[in-house]
$ cat coords22.pdb   # PDB, C-alpha atoms
ATOM      1  CA  MET A   1       7.448  11.749  18.762
ATOM      2  CA  SER A   2       5.525   9.503  21.134
ATOM      3  CA  ASP A   3       5.827   5.965  22.471
ATOM      4  CA  SER A   4       2.364   4.947  21.270
ATOM      5  CA  LEU A   5       3.783   1.990  19.314
ATOM      6  CA  ARG A   6       6.415   0.901  21.829
ATOM      7  CA  ASN A   7       6.705  -2.933  21.882
ATOM      8  CA  LYS A   8       4.628  -3.153  18.696
ATOM      9  CA  VAL A   9       5.933  -4.851  15.536
ATOM     10  CA  VAL A  10       5.115  -3.152  12.234
ATOM     11  CA  VAL A  11       5.865  -4.992   8.974
ATOM     12  CA  VAL A  12       6.014  -2.832   5.828
ATOM     13  CA  THR A  13       6.380  -4.038   2.248
ATOM     14  CA  GLY A  14       7.606  -1.588  -0.364
ATOM     15  CA  ALA A  15       9.661  -0.039   2.437
ATOM     16  CA  SER A  16      12.567   1.250   0.362
ATOM     17  CA  SER A  17      10.874   4.409  -0.914
ATOM     18  CA  GLY A  18       7.749   6.535  -1.054
ATOM     19  CA  ILE A  19       4.856   5.873   1.278
ATOM     20  CA  GLY A  20       6.401   2.624   2.552
ATOM     21  CA  ARG A  21       9.544   4.425   3.672
ATOM     22  CA  SER A  22       7.483   7.161   5.319
ATOM     23  CA  ILE A  23       5.360   4.625   7.211
ATOM     24  CA  VAL A  24       8.499   2.883   8.463
ATOM     25  CA  LEU A  25       9.899   6.140   9.841
ATOM     26  CA  GLU A  26       6.552   7.344  11.244
ATOM     27  CA  SER A  27       6.127   4.023  13.060
ATOM     28  CA  ALA A  28       9.713   4.037  14.318
ATOM     29  CA  GLY A  29       9.222   7.585  15.578
ATOM     30  CA  ARG A  30       6.431   6.236  17.768
ATOM     31  CA  GLY A  31       8.665   3.521  19.198
ATOM     32  CA  ALA A  32       7.782   0.545  17.003
ATOM     33  CA  THR A  33      10.021  -2.317  16.004
ATOM     34  CA  VAL A  34       9.863  -2.076  12.224
ATOM     35  CA  VAL A  35      10.386  -4.766   9.602
ATOM     36  CA  LEU A  36      11.391  -3.457   6.188
ATOM     37  CA  MET A  37      10.717  -5.457   3.025
ATOM     38  CA  ALA A  38      11.642  -4.515  -0.558
ATOM     39  CA  ARG A  39      14.199  -5.515  -3.186
ATOM     40  CA  ASN A  40      16.805  -2.777  -2.712
ATOM     41  CA  VAL A  41      19.075  -3.933   0.124
ATOM     42  CA  ASP A  42      21.151  -0.756   0.247
ATOM     43  CA  LYS A  43      18.126   1.504   0.597
ATOM     44  CA  LEU A  44      16.548  -0.778   3.203
ATOM     45  CA  THR A  45      19.751  -0.789   5.244
ATOM     46  CA  GLU A  46      19.949   3.011   5.123
ATOM     47  CA  ILE A  47      16.313   3.489   6.159
ATOM     48  CA  ALA A  48      16.626   0.853   8.901
ATOM     49  CA  ALA A  49      19.540   2.775  10.430
ATOM     50  CA  GLU A  50      17.430   5.920  10.473
ATOM     51  CA  ALA A  51      14.533   3.984  12.013
ATOM     52  CA  ARG A  52      16.744   2.651  14.814
ATOM     53  CA  GLU A  53      17.800   6.180  15.708
ATOM     54  CA  LEU A  54      14.164   7.234  15.913
ATOM     55  CA  SER A  55      12.853   4.258  17.871
ATOM     56  CA  GLY A  56      15.836   3.228  19.974
ATOM     57  CA  THR A  57      14.943  -0.362  19.144
ATOM     58  CA  GLU A  58      15.398  -2.955  16.410
ATOM     59  CA  ALA A  59      14.718  -2.476  12.722
ATOM     60  CA  ILE A  60      14.766  -5.697  10.703
ATOM     61  CA  VAL A  61      15.711  -5.779   7.018
ATOM     62  CA  LEU A  62      14.256  -8.551   4.836
ATOM     63  CA  PRO A  63      15.193  -8.116   1.165
ATOM     64  CA  THR A  64      12.243  -9.497  -0.800
ATOM     65  CA  ASP A  65      10.822  -9.414  -4.299
ATOM     66  CA  MET A  66       7.074  -9.318  -3.624
ATOM     67  CA  GLY A  67       6.447 -10.756  -7.067
ATOM     68  CA  LYS A  68       8.136 -14.052  -6.181
ATOM     69  CA  ALA A  69       6.361 -16.535  -3.916
ATOM     70  CA  ASP A  70       9.539 -18.353  -2.896
ATOM     71  CA  GLU A  71      11.154 -15.130  -1.669
ATOM     72  CA  ILE A  72       7.986 -14.148   0.204
ATOM     73  CA  GLU A  73       7.893 -17.513   1.977
ATOM     74  CA  ALA A  74      11.603 -17.376   2.827
ATOM     75  CA  SER A  75      11.260 -13.879   4.264
ATOM     76  CA  PHE A  76       8.235 -14.926   6.287
ATOM     77  CA  LYS A  77      10.156 -17.819   7.845
ATOM     78  CA  ASN A  78      13.011 -15.450   8.608
ATOM     79  CA  LEU A  79      10.585 -12.973  10.142
ATOM     80  CA  ILE A  80       8.854 -15.338  12.531
ATOM     81  CA  ALA A  81      12.265 -16.551  13.701
ATOM     82  CA  LYS A  82      13.098 -12.971  14.730
ATOM     83  CA  VAL A  83       9.860 -11.726  16.334
ATOM     84  CA  ASP A  84       7.361 -13.342  18.689
ATOM     85  CA  HIS A  85       4.345 -11.357  17.514
ATOM     86  CA  ILE A  86       3.199  -9.138  14.634
ATOM     87  CA  ASP A  87       0.867  -6.237  15.334
ATOM     88  CA  TYR A  88       0.575  -4.461  11.982
ATOM     89  CA  LEU A  89       1.147  -5.440   8.366
ATOM     90  CA  VAL A  90       1.219  -2.590   5.839
ATOM     91  CA  ASN A  91       1.241  -3.758   2.216
ATOM     92  CA  CYS A  92       2.696  -0.840   0.222
ATOM     93  CA  ALA A  93       4.621  -2.716  -2.455
ATOM     94  CA  GLY A  94       3.343  -2.102  -5.957
ATOM     95  CA  PHE A  95       3.987  -0.429  -9.292
ATOM     96  CA  GLY A  96       2.152   0.741 -12.387
ATOM     97  CA  LYS A  97       2.677   1.768 -15.991
ATOM     98  CA  PHE A  98       0.577   4.320 -17.841
ATOM     99  CA  GLU A  99      -0.137   3.188 -21.391
ATOM    100  CA  THR A 100      -3.180   2.115 -23.335
ATOM    101  CA  PHE A 101      -4.096  -1.494 -22.692
ATOM    102  CA  MET A 102      -3.796  -2.404 -26.360
ATOM    103  CA  GLU A 103      -0.186  -1.206 -26.337
ATOM    104  CA  SER A 104       0.789  -2.816 -23.026
ATOM    105  CA  SER A 105       2.913  -5.945 -22.916
ATOM    106  CA  THR A 106       1.652  -9.194 -21.438
ATOM    107  CA  GLN A 107       4.793  -9.343 -19.305
ATOM    108  CA  ASP A 108       4.116  -5.920 -17.761
ATOM    109  CA  VAL A 109       0.505  -6.782 -16.970
ATOM    110  CA  THR A 110       1.487 -10.135 -15.486
ATOM    111  CA  SER A 111       4.240  -8.572 -13.363
ATOM    112  CA  MET A 112       1.866  -5.878 -12.146
ATOM    113  CA  PHE A 113      -0.660  -8.421 -10.920
ATOM    114  CA  GLN A 114       2.090 -10.620  -9.490
ATOM    115  CA  VAL A 115       3.352  -7.801  -7.267
ATOM    116  CA  ASN A 116       0.263  -5.656  -6.673
ATOM    117  CA  VAL A 117      -2.217  -8.474  -6.103
ATOM    118  CA  LEU A 118      -0.903 -12.032  -5.861
ATOM    119  CA  GLY A 119       2.207 -11.256  -3.804
ATOM    120  CA  LEU A 120       0.126  -9.103  -1.485
ATOM    121  CA  MET A 121      -2.467 -11.833  -1.077
ATOM    122  CA  TYR A 122       0.098 -14.565  -0.460
ATOM    123  CA  PHE A 123       2.013 -12.607   2.163
ATOM    124  CA  THR A 124      -1.206 -11.412   3.801
ATOM    125  CA  ARG A 125      -2.334 -15.010   4.219
ATOM    126  CA  LEU A 126       0.920 -15.943   5.947
ATOM    127  CA  ILE A 127       0.796 -12.966   8.311
ATOM    128  CA  GLY A 128      -2.967 -13.291   8.757
ATOM    129  CA  ARG A 129      -2.571 -16.802  10.154
ATOM    130  CA  VAL A 130      -0.160 -15.452  12.775
ATOM    131  CA  MET A 131      -2.643 -12.750  13.721
ATOM    132  CA  ILE A 132      -5.475 -15.272  13.981
ATOM    133  CA  ASP A 133      -3.396 -17.307  16.437
ATOM    134  CA  GLN A 134      -2.625 -14.120  18.380
ATOM    135  CA  LYS A 135      -6.318 -13.141  18.291
ATOM    136  CA  GLN A 136      -5.309  -9.590  17.376
ATOM    137  CA  GLY A 137      -3.640  -7.547  14.665
ATOM    138  CA  GLN A 138      -4.320  -5.198  11.771
ATOM    139  CA  ILE A 139      -3.672  -5.498   8.047
ATOM    140  CA  VAL A 140      -3.419  -2.319   5.969
ATOM    141  CA  ASN A 141      -3.601  -2.817   2.206
ATOM    142  CA  PHE A 142      -2.822  -0.063  -0.271
ATOM    143  CA  GLY A 143      -5.332   0.168  -3.058
ATOM    144  CA  SER A 144      -5.730   3.407  -4.999
ATOM    145  CA  ILE A 145      -8.329   5.933  -6.080
ATOM    146  CA  ALA A 146      -7.482   4.459  -9.507
ATOM    147  CA  GLY A 147      -9.205   1.294  -8.334
ATOM    148  CA  LYS A 148     -12.427   3.292  -7.906
ATOM    149  CA  VAL A 149     -12.351   5.950 -10.637
ATOM    150  CA  PRO A 150     -11.242   4.878 -14.139
ATOM    151  CA  THR A 151      -8.869   6.947 -16.244
ATOM    152  CA  THR A 152      -7.314   6.095 -19.580
ATOM    153  CA  LYS A 153      -3.896   4.443 -19.874
ATOM    154  CA  SER A 154      -4.279   2.679 -16.504
ATOM    155  CA  ALA A 155      -6.434  -0.373 -17.262
ATOM    156  CA  ALA A 156      -4.098  -3.008 -15.810
ATOM    157  CA  TYR A 157      -2.972  -0.887 -12.854
ATOM    158  CA  SER A 158      -6.539   0.177 -11.996
ATOM    159  CA  ALA A 159      -7.722  -3.424 -12.271
ATOM    160  CA  SER A 160      -4.971  -4.582  -9.913
ATOM    161  CA  LYS A 161      -5.927  -1.946  -7.337
ATOM    162  CA  ALA A 162      -9.630  -2.710  -7.675
ATOM    163  CA  ALA A 163      -8.714  -6.327  -6.923
ATOM    164  CA  VAL A 164      -6.855  -5.234  -3.774
ATOM    165  CA  ILE A 165      -9.850  -3.192  -2.617
ATOM    166  CA  GLN A 166     -12.335  -6.026  -3.039
ATOM    167  CA  PHE A 167      -9.922  -8.585  -1.587
ATOM    168  CA  SER A 168      -9.603  -6.384   1.483
ATOM    169  CA  ASN A 169     -13.370  -5.985   1.790
ATOM    170  CA  VAL A 170     -13.897  -9.738   1.898
ATOM    171  CA  LEU A 171     -10.872 -10.347   4.127
ATOM    172  CA  ARG A 172     -12.237  -7.805   6.614
ATOM    173  CA  LEU A 173     -15.379  -9.894   7.026
ATOM    174  CA  GLU A 174     -13.511 -13.188   7.299
ATOM    175  CA  LEU A 175     -11.035 -11.963   9.922
ATOM    176  CA  LYS A 176     -13.481  -9.990  12.071
ATOM    177  CA  PRO A 177     -14.353 -13.017  14.280
ATOM    178  CA  PHE A 178     -10.641 -13.328  15.150
ATOM    179  CA  ASN A 179     -10.249  -9.675  16.226
ATOM    180  CA  VAL A 180      -8.014  -8.969  13.211
ATOM    181  CA  LYS A 181      -8.799  -5.646  11.531
ATOM    182  CA  VAL A 182      -8.392  -4.792   7.834
ATOM    183  CA  MET A 183      -8.098  -1.248   6.482
ATOM    184  CA  THR A 184      -7.728  -0.228   2.846
ATOM    185  CA  VAL A 185      -5.876   2.972   1.933
ATOM    186  CA  ASN A 186      -6.744   4.478  -1.436
ATOM    187  CA  PRO A 187      -4.536   7.476  -2.234
ATOM    188  CA  GLY A 188      -4.631   9.621  -5.317
ATOM    189  CA  PRO A 189      -1.328  10.683  -6.912
ATOM    190  CA  VAL A 190       1.593  10.909  -4.471
ATOM    191  CA  TYR A 191       5.037  12.522  -4.812
ATOM    192  CA  THR A 192       7.020   9.250  -4.993
ATOM    193  CA  ASN A 193       9.261   7.262  -7.346
ATOM    194  CA  PHE A 194       6.100   5.534  -8.591
ATOM    195  CA  PHE A 195       5.866   7.989 -11.467
ATOM    196  CA  ASN A 196       9.440   7.295 -12.597
ATOM    197  CA  THR A 197       8.058   4.038 -13.987
ATOM    198  CA  ALA A 198       4.386   4.865 -14.478
ATOM    199  CA  ASP A 199       4.697   8.273 -16.141
ATOM    200  CA  LYS A 200       7.976   8.541 -18.027
ATOM    201  CA  SER A 201       6.712  11.502 -20.066
ATOM    202  CA  GLY A 202       5.930  13.544 -16.949
ATOM    203  CA  LYS A 203       2.675  14.799 -18.492
ATOM    204  CA  TYR A 204       0.384  13.159 -15.947
ATOM    205  CA  VAL A 205       2.308  14.570 -12.981
ATOM    206  CA  GLU A 206       2.069  18.050 -14.501
ATOM    207  CA  ASN A 207      -1.698  17.719 -14.902
ATOM    208  CA  VAL A 208      -2.453  16.471 -11.374
ATOM    209  CA  GLN A 209      -0.296  18.830  -9.320
ATOM    210  CA  ALA A 210      -3.386  20.110  -7.479
ATOM    211  CA  PHE A 211      -4.128  16.610  -6.163
ATOM    212  CA  MET A 212      -0.597  15.394  -5.381
ATOM    213  CA  LEU A 213      -0.078  14.085  -1.848
ATOM    214  CA  ASP A 214       3.027  14.196   0.333
ATOM    215  CA  PRO A 215       4.050  10.629   1.343
ATOM    216  CA  ASP A 216       4.819  11.798   4.894
ATOM    217  CA  ASP A 217       1.287  13.177   5.255
ATOM    218  CA  VAL A 218      -0.193   9.917   3.980
ATOM    219  CA  ALA A 219       2.005   7.937   6.390
ATOM    220  CA  TRP A 220       0.932  10.065   9.350
ATOM    221  CA  GLN A 221      -2.741   9.420   8.593
ATOM    222  CA  VAL A 222      -2.213   5.683   8.102
ATOM    223  CA  VAL A 223      -0.298   5.261  11.363
ATOM    224  CA  HIS A 224      -2.831   7.487  13.140
ATOM    225  CA  TYR A 225      -5.478   4.863  12.356
ATOM    226  CA  PHE A 226      -3.429   1.908  13.577
ATOM    227  CA  GLY A 227      -5.629  -0.098  15.938
ATOM    228  CA  SER A 228      -8.833   1.633  14.844
ATOM    229  CA  ASN A 229     -11.914   0.137  13.234
ATOM    230  CA  LYS A 230     -11.645   2.390  10.187
ATOM    231  CA  ARG A 231     -12.335   0.292   7.109
ATOM    232  CA  GLU A 232     -11.155   2.621   4.362
ATOM    233  CA  LEU A 233      -9.050   5.768   4.016
ATOM    234  CA  ASN A 234      -9.457   7.675   0.740
ATOM    235  CA  LEU A 235      -7.090  10.575  -0.009
ATOM    236  CA  PRO A 236      -7.257  13.441  -0.827
ATOM    237  CA  VAL A 237     -10.782  14.454   0.203
ATOM    238  CA  SER A 238     -11.553  15.901  -3.245
ATOM    239  CA  LEU A 239     -10.817  12.599  -4.983
ATOM    240  CA  ALA A 240     -12.605  10.659  -2.244
ATOM    241  CA  VAL A 241     -15.734  12.669  -3.050
ATOM    242  CA  ALA A 242     -15.152  12.119  -6.771
ATOM    243  CA  SER A 243     -15.034   8.341  -6.236
ATOM    244  CA  LYS A 244     -18.395   8.411  -4.452
ATOM    245  CA  LEU A 245     -19.953  10.568  -7.157
ATOM    246  CA  TYR A 246     -18.631   8.242  -9.840
ATOM    247  CA  ALA A 247     -20.364   5.294  -8.170
ATOM    248  CA  LEU A 248     -23.637   7.247  -8.140
ATOM    249  CA  PHE A 249     -23.376   8.855 -11.597
ATOM    250  CA  PRO A 250     -21.079   6.651 -13.736
ATOM    251  CA  THR A 251     -22.112   8.090 -17.111
ATOM    252  CA  VAL A 252     -21.327  11.633 -16.012
ATOM    253  CA  GLY A 253     -18.198  10.249 -14.341
ATOM    254  CA  ASP A 254     -16.979   8.737 -17.612
ATOM    255  CA  PHE A 255     -17.424  12.080 -19.364
ATOM    256  CA  LEU A 256     -15.555  14.002 -16.656
ATOM    257  CA  SER A 257     -12.770  11.419 -16.545
ATOM    258  CA  LEU A 258     -12.192  11.720 -20.285
ATOM    259  CA  GLU A 259     -12.291  15.516 -20.144
ATOM    260  CA  PHE A 260     -10.259  16.207 -17.026
ATOM    261  CA  ALA A 261      -8.662  13.112 -15.440
ATOM    262  CA  SER A 262      -7.222  11.185 -18.374
ATOM    263  CA  ARG A 263      -4.509  13.602 -19.476
ATOM    264  CA  LYS A 264      -1.603  11.205 -19.259
TER     265      LYS A 264
END
$ encode --input "coords22.pdb" --output "structure tokens"
Amino acid sequence: MSDSLRNKVVVVTGASSGIGRSIVLESAGRGATVVLMARNVDKLTEIAAEARELSGTEAIVLPTDMGKADEIEASFKNLIAKVDHIDYLVNCAGFGKFETFMESSTQDVTSMFQVNVLGLMYFTRLIGRVMIDQKQGQIVNFGSIAGKVPTTKSAAYSASKAAVIQFSNVLRLELKPFNVKVMTVNPGPVYTNFFNTADKSGKYVENVQAFMLDPDDVAWQVVHYFGSNKRELNLPVSLAVASKLYALFPTVGDFLSLEFASRK
């Protein structure tokens, strides 16, 4: 491990599992002070202890439901009372459910947008204002290849991730004059607890084994680009190419999606 992030503060939402957890530990391994945000206090406390061992410095736990504005605001006030600057914000919090849109519940769709989009936007605005005052910082928002390439049984989830991608694109332009960078990360399927909720049947995971990503590998790449001007990271390469081809040849893309990518 290196000291490349020594004296840097990295805030991670969705830090209790999956990619969020991996980014916390990758950042801590490089010396960062990490701030962990998620709902599960016990998991956050456990991961924070591991992060402290790696970094030799503080790891701050802020239990937060990213779908609730009042909790986001309370955690933000708590955060700025504990740190005097914020270098990186990584928005990993999110969830999805795989089912046809006509069968999905209004509550599930609303909750998905509340966490994946609105909570992300609200917290990003709070942190973004701090970074503007600092005249430096970087915001990393997790979209998804699903926000670029449509597959069946993911209408609400894909729409929420498409919203994150476009939000990030506009935010990048608005924050550029203040030396605040914005990067979007769009992974394909990842070996995480995400599928415990999204894919209860297990069929989708079985069908996309060839494309599944390791959360530690994703975290390494994300942290590697901390401080860079990279605007978008699409993983894996095969699905990144597929997303570009879909944009160029959408009719063919629809056919291929129905034949090969919609087996949920």
$ closest_residue --input "coords22.pdb" --among "A:Met121, A:Val9, A:Leu54, A:Met66" --to "Leu89 of chain A" --atoms "all atoms listed in the file"
A:Val9
$ closest_residue --input "coords22.pdb" --among "A:Phe167, A:Leu173, A:Val223, A:Leu233" --to "Pro187 of chain A" --atoms "all atoms listed in the file"
A:Leu233
$ closest_residue --input "coords22.pdb" --among "A:Gly143, A:Gly128, A:Pro215, A:Pro250" --to "Arg172 of chain A" --atoms "only C-alpha atoms"
A:Gly128
$ atom_distance --input "coords22.pdb" --atom1 "atom CA of Phe123 of chain A" --atom2 "atom CA of Asp108 of chain A"
21.1 Å
$ residues_around --input "coords22.pdb" --residues "Asn91 of chain A" --least-positions-apart "5" --cutoff "12 Å" --atoms "all atoms listed in the file" --output "number ranges by chain"
A: 10-15, 19-21, 23-24, 35-38, 66, 115-125, 127, 138-143, 164, 168, 182-185, 222
$ resolve_selection --input "coords22.pdb" --expression "the PyMOL selection byres ((chain A and resi 177) around 12)" --output "short mmCIF file (atom, residue, chain, number, x, y, z; two decimals) with C-alpha atoms, in the coordinates of the input"
data_model
loop_
_atom_site.label_atom_id
_atom_site.label_comp_id
_atom_site.auth_asym_id
_atom_site.auth_seq_id
_atom_site.Cartn_x
_atom_site.Cartn_y
_atom_site.Cartn_z
CA MET A 131 -2.64 -12.75 13.72
CA ILE A 132 -5.48 -15.27 13.98
CA ASP A 133 -3.40 -17.31 16.44
CA LYS A 135 -6.32 -13.14 18.29
CA GLN A 136 -5.31 -9.59 17.38
CA LEU A 171 -10.87 -10.35 4.13
CA ARG A 172 -12.24 -7.80 6.61
CA LEU A 173 -15.38 -9.89 7.03
CA GLU A 174 -13.51 -13.19 7.30
CA LEU A 175 -11.04 -11.96 9.92
CA LYS A 176 -13.48 -9.99 12.07
CA PHE A 178 -10.64 -13.33 15.15
CA ASN A 179 -10.25 -9.68 16.23
CA VAL A 180 -8.01 -8.97 13.21
CA LYS A 181 -8.80 -5.65 11.53
#
$ atom_distance --input "coords22.pdb" --atom1 "atom CA of Tyr157 of chain A" --atom2 "atom CA of Phe95 of chain A"
7.8 Å
$ atom_distance --input "coords22.pdb" --atom1 "atom CA of Gly137 of chain A" --atom2 "atom CA of Val170 of chain A"
16.5 Å
$ residues_around --input "coords22.pdb" --residues "Phe76 of chain A" --least-positions-apart "2" --cutoff "9 Å" --atoms "all atoms listed in the file" --output "PyMOL selection string"
chain A and resi 62+71-74+78-81+123+126-127
$ closest_residue --input "coords22.pdb" --among "A:Ala163, A:Val149, A:Met212, A:Val41" --to "Phe249 of chain A" --atoms "only C-alpha atoms"
A:Val149
$ closest_residue --input "coords22.pdb" --among "A:Thr64, A:Thr152, A:Asn7, A:Ser257" --to "Tyr88 of chain A" --atoms "all atoms listed in the file"
A:Asn7
$ closest_residue --input "coords22.pdb" --among "A:Thr57, A:Asn186, A:Ser228, A:Ser154" --to "Ser104 of chain A" --atoms "all atoms listed in the file"
A:Ser154
$ residues_near_point --input "coords22.pdb" --point "(-1.7, 3.6, -20.0)" --cutoff "10 Å" --atoms "all atoms listed in the file" --output "mmCIF file with C-alpha atoms, keeping the file's coordinate frame"
data_model
loop_
_atom_site.group_PDB
_atom_site.id
_atom_site.type_symbol
_atom_site.label_atom_id
_atom_site.label_comp_id
_atom_site.auth_asym_id
_atom_site.auth_seq_id
_atom_site.Cartn_x
_atom_site.Cartn_y
_atom_site.Cartn_z
ATOM 1 C CA GLY A 96 2.152 0.741 -12.387
ATOM 2 C CA LYS A 97 2.677 1.768 -15.991
ATOM 3 C CA PHE A 98 0.577 4.320 -17.841
ATOM 4 C CA GLU A 99 -0.137 3.188 -21.391
ATOM 5 C CA THR A 100 -3.180 2.115 -23.335
ATOM 6 C CA PHE A 101 -4.096 -1.494 -22.692
ATOM 7 C CA MET A 102 -3.796 -2.404 -26.360
ATOM 8 C CA GLU A 103 -0.186 -1.206 -26.337
ATOM 9 C CA SER A 104 0.789 -2.816 -23.026
ATOM 10 C CA THR A 151 -8.869 6.947 -16.244
ATOM 11 C CA THR A 152 -7.314 6.095 -19.580
ATOM 12 C CA LYS A 153 -3.896 4.443 -19.874
ATOM 13 C CA SER A 154 -4.279 2.679 -16.504
ATOM 14 C CA ALA A 155 -6.434 -0.373 -17.262
ATOM 15 C CA ALA A 156 -4.098 -3.008 -15.810
ATOM 16 C CA TYR A 157 -2.972 -0.887 -12.854
ATOM 17 C CA SER A 158 -6.539 0.177 -11.996
ATOM 18 C CA ALA A 198 4.386 4.865 -14.478
ATOM 19 C CA ASP A 199 4.697 8.273 -16.141
ATOM 20 C CA SER A 262 -7.222 11.185 -18.374
ATOM 21 C CA LYS A 264 -1.603 11.205 -19.259
#
$ resolve_selection --input "coords22.pdb" --expression "the PyMOL selection byres ((chain A and resi 27-33) around 6)" --output "list of chain:residue names"
A:Met1, A:Ser2, A:Asp3, A:Ser4, A:Leu5, A:Arg6, A:Lys8, A:Val9, A:Ile23, A:Val24, A:Leu25, A:Glu26, A:Val34, A:Ala51, A:Leu54, A:Ser55, A:Glu58, A:Ala59
$ write_last_selection --input "coords22.pdb" --atoms "C-alpha atoms" --output "short mmCIF file (atom, residue, chain, number, x, y, z; two decimals), in the coordinates of the input"
data_model
loop_
_atom_site.label_atom_id
_atom_site.label_comp_id
_atom_site.auth_asym_id
_atom_site.auth_seq_id
_atom_site.Cartn_x
_atom_site.Cartn_y
_atom_site.Cartn_z
CA MET A 1 7.45 11.75 18.76
CA SER A 2 5.52 9.50 21.13
CA ASP A 3 5.83 5.96 22.47
CA SER A 4 2.36 4.95 21.27
CA LEU A 5 3.78 1.99 19.31
CA ARG A 6 6.42 0.90 21.83
CA LYS A 8 4.63 -3.15 18.70
CA VAL A 9 5.93 -4.85 15.54
CA ILE A 23 5.36 4.62 7.21
CA VAL A 24 8.50 2.88 8.46
CA LEU A 25 9.90 6.14 9.84
CA GLU A 26 6.55 7.34 11.24
CA VAL A 34 9.86 -2.08 12.22
CA ALA A 51 14.53 3.98 12.01
CA LEU A 54 14.16 7.23 15.91
CA SER A 55 12.85 4.26 17.87
CA GLU A 58 15.40 -2.96 16.41
CA ALA A 59 14.72 -2.48 12.72
#
$ build_atoms --input "coords22.pdb" --residues "segment 79-84 of chain A" --atoms "all heavy atoms" --output "PDB file, keeping the file's coordinate frame"
ATOM      1  N   LEU A  79      11.266 -13.923   9.261  1.00  0.00           N
ATOM      2  CA  LEU A  79      10.585 -12.973  10.142  1.00  0.00           C
ATOM      3  C   LEU A  79      10.108 -13.621  11.436  1.00  0.00           C
ATOM      4  O   LEU A  79      10.365 -13.100  12.528  1.00  0.00           O
ATOM      5  CB  LEU A  79       9.394 -12.361   9.391  1.00  0.00           C
ATOM      6  CG  LEU A  79       8.440 -11.482  10.205  1.00  0.00           C
ATOM      7  CD1 LEU A  79       9.168 -10.283  10.801  1.00  0.00           C
ATOM      8  CD2 LEU A  79       7.267 -11.035   9.333  1.00  0.00           C
ATOM      9  N   ILE A  80       9.414 -14.737  11.317  1.00  0.00           N
ATOM     10  CA  ILE A  80       8.854 -15.338  12.531  1.00  0.00           C
ATOM     11  C   ILE A  80       9.938 -15.953  13.424  1.00  0.00           C
ATOM     12  O   ILE A  80       9.684 -16.273  14.591  1.00  0.00           O
ATOM     13  CB  ILE A  80       7.771 -16.399  12.194  1.00  0.00           C
ATOM     14  CG1 ILE A  80       8.329 -17.510  11.320  1.00  0.00           C
ATOM     15  CG2 ILE A  80       6.576 -15.739  11.535  1.00  0.00           C
ATOM     16  CD1 ILE A  80       7.338 -18.641  11.068  1.00  0.00           C
ATOM     17  N   ALA A  81      11.144 -16.103  12.871  1.00  0.00           N
ATOM     18  CA  ALA A  81      12.265 -16.551  13.701  1.00  0.00           C
ATOM     19  C   ALA A  81      12.852 -15.385  14.504  1.00  0.00           C
ATOM     20  O   ALA A  81      13.568 -15.600  15.482  1.00  0.00           O
ATOM     21  CB  ALA A  81      13.352 -17.170  12.825  1.00  0.00           C
ATOM     22  N   LYS A  82      12.528 -14.153  14.090  1.00  0.00           N
ATOM     23  CA  LYS A  82      13.098 -12.971  14.730  1.00  0.00           C
ATOM     24  C   LYS A  82      12.144 -12.261  15.680  1.00  0.00           C
ATOM     25  O   LYS A  82      12.576 -11.526  16.574  1.00  0.00           O
ATOM     26  CB  LYS A  82      13.553 -11.967  13.653  1.00  0.00           C
ATOM     27  CG  LYS A  82      14.718 -12.453  12.787  1.00  0.00           C
ATOM     28  CD  LYS A  82      15.062 -11.428  11.707  1.00  0.00           C
ATOM     29  CE  LYS A  82      16.214 -11.905  10.829  1.00  0.00           C
ATOM     30  NZ  LYS A  82      17.491 -11.977  11.562  1.00  0.00           N
ATOM     31  N   VAL A  83      10.831 -12.412  15.476  1.00  0.00           N
ATOM     32  CA  VAL A  83       9.860 -11.726  16.334  1.00  0.00           C
ATOM     33  C   VAL A  83       8.870 -12.746  16.910  1.00  0.00           C
ATOM     34  O   VAL A  83       8.628 -13.793  16.312  1.00  0.00           O
ATOM     35  CB  VAL A  83       9.090 -10.639  15.557  1.00  0.00           C
ATOM     36  CG1 VAL A  83      10.052  -9.580  15.008  1.00  0.00           C
ATOM     37  CG2 VAL A  83       8.266 -11.243  14.426  1.00  0.00           C
ATOM     38  N   ASP A  84       8.307 -12.406  18.070  1.00  0.00           N
ATOM     39  CA  ASP A  84       7.361 -13.342  18.689  1.00  0.00           C
ATOM     40  C   ASP A  84       5.908 -12.910  18.516  1.00  0.00           C
ATOM     41  O   ASP A  84       4.985 -13.567  18.979  1.00  0.00           O
ATOM     42  CB  ASP A  84       7.672 -13.524  20.183  1.00  0.00           C
ATOM     43  CG  ASP A  84       7.621 -12.211  20.964  1.00  0.00           C
ATOM     44  OD1 ASP A  84       7.216 -11.180  20.384  1.00  0.00           O
ATOM     45  OD2 ASP A  84       7.996 -12.217  22.151  1.00  0.00           O
TER      46      ASP A  84
END
